[in-house]
Every structure is written in structure tokens, then in C-alpha cells.
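Single-structure report; data block below.
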Amino acid sequence: MADKRDYYEVLGVDKNASDDEIKKAYRKTAKMYHPDLHPGDAEAEAKFKEANEAYEVLSDADKKAKYDRFGHAGVDPNYGAGQGGFGGGFGGMDFDLGDIFSSFFGGGFGGGTQRSNPNAPQRGSDIQTGITISFEEAAKGCKKTIDIQRIEVCDECSGSGAAKGTTTQTCPDCNGRGQVMTQQRTPFGVIQSSKACPRCRGKGTIIPTPCNKCKGNGRIRRTVKQDVNVPAGIDDGQVFTVRGMGNKGVNGGPAGDLRVGVNVRPHPFFERDGYNVWCDVTISFAQAALGDELMVPTLDGKVKYSIPAGTQPGSVFKLKDRGIPNVNGRGKGDQLVRIVVEVPKKLTERQKELIKELNNELGGKSPFSANNTPGDNDDKKGFFGKKKK
């Protein structure tokens with residue numbers, strides 16, 4: 001085969017390439033053209049075989065030295081002798097391209113002998129659901145019973161997949177090995193490869209009489225009630241995990257996890273800010289001016305709090321450690337109380353006169369009043385008219 005490509009050109013490296021560079025180049029080329037990635041593509045299969053052939057020579061120090069000195073004739077005495085190229089170069093030896101590829105890629109593309117064992121224990125998959133809880137339940141934590149759909153081991157056949165009174169049998173096609181061998185004669189020789197037995201799907205056993213409930217799968221999907229503990233401090237939109245409450249595993253493998261998304265209903269009075277809680281407390285002008293002892297609602301019930309005389313609208317007071325506990329169990333937030341001073345909307349004539357008298361006692365109109373004349377009360381503070389720096 002006089003038109004055989006140069007091996008260095010096949011792998012895209014120069015003659016001074018190191019062993020590591022040759023190995024990396026082969027991995028890249030073989031992965032690009034592997035038949036599993038290009039089923040039915042004859043050109044890709046040919047390039048894959050060409051890459052294997054090039055690496056077979058360039059990875060061997062002795063063969064590489066002969067190739068560098070004599071070219072293709074140095075590694076194939078039949079090259080150019082009219083015997084179909086490398087057809088006799090391997091002496092009719094059977095080899096498995098998958099084994100070569102598997103040594104580099106761990107059998108990830110289905111070639112070679114390194115295959116996942118279908119009878120090995122396999123972890124079940126995770127499942128997700130959601131719940132809606134109140135503001136207080138999110139803050140303090142709670143226990144909820146929820147309905148979830150989950151894959152479980154069939155209670156009729158205990159996971160075997162076989163009907164009661166029957167058992168599984170050794171697969172007659174692969175004799176229990178789970179693998180069958182195939183051979184293909186090519187110009188390169190006889191190529192032998194293995195694949196999962198199509199009859200038993202690699203398990204090595206078959207089920208002559210499948211279970212009626214699970215149809216031979218050994219597992220069924222059903223709705224179950226599950227108790228979950230919602231952690232204190234969980235916030236709206238967060239997700240917590242319940243270990244081992246997901247879909248059951250296969251072949252005795254562990255179960256997956258249950259992931260629960262949380263929706264928190266808003267509270268009519270409290271507002272969350274991280275782990276702090278805000279609330280507005282409305283008081284009268286008299287309470288703000290004279291001071292008073294208030295009963296402030298908190299997540300733990302009402303507590304007494306004394307506001308000083310002269311409390312201004314919008315003032316904020318802190319109730320330490322009255323907020324929401326950290327979901328990781330490290331301390332609690334605070335409750336922040338914002339004061340809202342209520343201004344009466346309907347006044348009697350007597351009440352109006354009293355407020356006017358009080359305003360005069362306090363210094364008159366606000367300096368921002370539209371009824372003021374220039375210079376009137378410029379230095380007076382007045383009712384709600386205290387100057388701010």
C-alpha cells in the first residue's frame with residue numbers, strides 16, 4: 001500500500017515528539033474518530049484504525065526506531081509487496097481495538113473489557129417536591145407529612161422481577177457471562193470484540209415468568225406519605241435535603257435523596273430581612289411625646305418595651321435575639337421595631353382648639369408653613385417643625 005500516510009502525520013506530531021506528546025495526540029485522535037461516536041461512518045472507522053496503527057508503532061521504542069530509519073518497510077516487511085499492505089503484517093493475529101482504546105479512555109465509549117456491571121449495586125436517583133408553610137413554621141421549624149411519588153422495591157417479588165414461585169434462570173445465549181463475542185474479518189485481520197448480551201442485557205440471567213405487579217422490573221412507582229422535618233430558619237425559595245428518602249437503589253444499592261423546595265407564605269405583620277424580622281408598631285402622638293410602655297408582638301409572643309418621651313416617627317428599636325434562628329444553628333437574628341405615629345383624621349372642634357393651644361405653647365407654626373409671613377417664626381421649631389441638620 002504505497003499511499004499509506006506517515007504515522008507522525010496521522011497523529012499530528014513531529015518526529016521529535018516525546019512519548020507523552022504522542023500519547024496525548026493519540027487520545028485526541030482516537031476519541032475524535034472512535035466508531036462508537038460515529039456509528040456506520042466508514043471513514044471515521046478507517047481513521048480510527050489508522051490512529052491505532054500509528055500509535056502501535058510510535059509508542060514502541062524499537063518499532064519507532066525502525067520506522068524512523070526505514071519508514072513503513074521497517075515495521076512491515078510486506079509493505080509494498082502486493083500483499084494488501086498490513087494484511088499479513090500481524091500474521092493473522094486476533095486483536096481487540098476496544099482493548100487498545102479502553103486502556104486510554106477507561107471503556108467510556110463501550111469498547112474493551114472495562115464495562116459497568118449491571119448486577120452491581122446502584123444508587124437510586126434523587127427526587128424533588130415542594131411544600132408551602134407559614135412564616136412562623138419557617139422561622140421555628142416544623143414537621144410536615146407530604147405525599148411524594150417514589151420508586152420502591154416491588155413488594156410482590158421482593159425486587160427479583162420473577163413471579164411468585166418462580167426464579168430467574170441463567171441466560172442461554174451468554175451462559176451467564178453477560179457478554180457475547182463477535183468476530184469480523186477485515187484487511188487487518190480478524191477483529192474480535194465483546195458486547196452486552198442483548199437477551200439478558202448484560203445481567204447473565206433471564207426471567208421466564210415476570211412478576212405481574214412490576215412486569216419483571218423489580219421496582220414500582222407509587223405515592224407514599226413521608227414525614228419531613230423542616231429546619232428552623234429556612235427561607236422562601238430554599239431547598240433542604242432528606243437523606244435516603246429518594247428512589248430506592250438497584251441490586252441492593254442505597255436509596256437516593258429527597259430534595260424539598262420551600263414556599264413561605266408572607267406574614268401580615270412581620271417582614272423577614274435575612275435572619276432579622278421587621279415590624280411596624282403604631283402609636284399615638286401622645287404616646288410618642290410622653291413615652292409609654294408597649295406590648296410588642298414577636299415570634300415568641302408579646303413582650304414589654306418602653307419607648308422614651310419624644311420618640312420620633314420612623315424611629316427604630318432593636319429587640320435582640322428575637323429574630324429568626326440561623327438555619328445552620330449558629331445564633332439568632334434580631335427583631336427591629338419601626339415606630340409609626342398615627343395622626344388623627346377626624347377631630348372635634350374642642351380637640352382642634354386644644355391642639356392649637358398646644359402648638360402655640362410649643363412655639364407656634366412650622367417655619368415651612370405657607371401661612372407664615374417673611375421672617376415669621378424663622379427661629380421657632382414648632383409642632384412637627386423641628387429643624388434638622
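Following the order of the C-alpha cells, first chain is A, next is B, and so on, with residues numbered from 1 inside each chain and ligands from 1 in the order they appear.
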Could you produce a table of the residues of segment 220-280 of chain A lying within 12 Å of segment 153-176 of chain A, with the nearest pair of atoms per residue and their separation in Å rounded to one decimal, using only C-alpha atoms, ordered by chain and increasing residue number, as a Markdown table?
```
| residue | atom | partner | partner_atom | distance |
| --- | --- | --- | --- | --- |
| A:Ile220 | CA | A:Cys154 | CA | 5.6 |
| A:Arg221 | CA | A:Val153 | CA | 8.8 |
| A:Arg222 | CA | A:Cys154 | CA | 10.1 |
| A:Asn247 | CA | A:Val153 | CA | 9.2 |
| A:Lys248 | CA | A:Val153 | CA | 6.7 |
| A:Gly249 | CA | A:Val153 | CA | 8.3 |
| A:Val250 | CA | A:Val153 | CA | 8.5 |
| A:Asn251 | CA | A:Gly159 | CA | 8.2 |
| A:Gly252 | CA | A:Gly159 | CA | 9.2 |
| A:Gly253 | CA | A:Val153 | CA | 11.2 |
| A:Pro254 | CA | A:Val153 | CA | 11.8 |
| A:Ala255 | CA | A:Val153 | CA | 10.5 |
```
| task | Might you pull out every residue within 7 Å of segment 323-325 of chain A, with only C-alpha atoms counted and same-chain residues fewer than 6 positions away left off, and present them as a list in words? | result | Ala139, Ala232, Gly233, Tyr275, Asn276, Val277, Gly331, Lys332, Gly333, Asp334 and Gln335 of chain A
Could the residues in this selection be written to a file with N, CA and C atoms, as a compact mmCIF listing (two decimals), in the first residue's frame?
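The result, stored in out_5.txt:
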```txt
# COMPACT_ATOMS: atom_id res chain seq x y z
N ALA A 139 -39.72 30.03 60.45
CA ALA A 139 -38.83 30.59 61.46
C ALA A 139 -38.49 29.59 62.55
N ALA A 232 -35.51 24.89 61.23
CA ALA A 232 -35.79 26.26 61.67
C ALA A 232 -34.88 27.24 60.95
N GLY A 233 -35.47 28.35 60.49
CA GLY A 233 -34.69 29.37 59.81
C GLY A 233 -34.70 29.25 58.30
N TYR A 275 -31.84 37.16 58.66
CA TYR A 275 -32.31 36.50 59.88
C TYR A 275 -32.94 37.49 60.85
N ASN A 276 -33.07 38.74 60.44
CA ASN A 276 -33.78 39.74 61.23
C ASN A 276 -35.24 39.80 60.82
N VAL A 277 -36.08 40.32 61.75
CA VAL A 277 -37.51 40.46 61.48
C VAL A 277 -37.90 41.91 61.74
N GLY A 331 -26.78 30.91 66.32
CA GLY A 331 -27.36 32.17 66.78
C GLY A 331 -28.69 32.51 66.14
N LYS A 332 -29.19 33.71 66.52
CA LYS A 332 -30.47 34.19 66.01
C LYS A 332 -30.33 35.64 65.59
N GLY A 333 -31.22 36.06 64.73
CA GLY A 333 -31.27 37.45 64.33
C GLY A 333 -32.03 38.27 65.37
N ASP A 334 -32.25 39.54 65.07
CA ASP A 334 -32.95 40.46 65.97
C ASP A 334 -34.30 40.85 65.38
N GLN A 335 -35.15 41.41 66.23
CA GLN A 335 -36.39 42.00 65.74
C GLN A 335 -36.22 43.50 65.76
```
| task | DSSP on the backbone, then: every residue of segment 252-329 of chain A marked alpha helix (DSSP H), written as number ranges by chain. | result | A: 285-290
| task | Kindly indicate which residue among A:Thr132, A:Ala289, A:Asn263, A:Asn119 lies nearest to Gly204 of chain A, using only C-alpha atoms for the distances. | result | A:Asn119
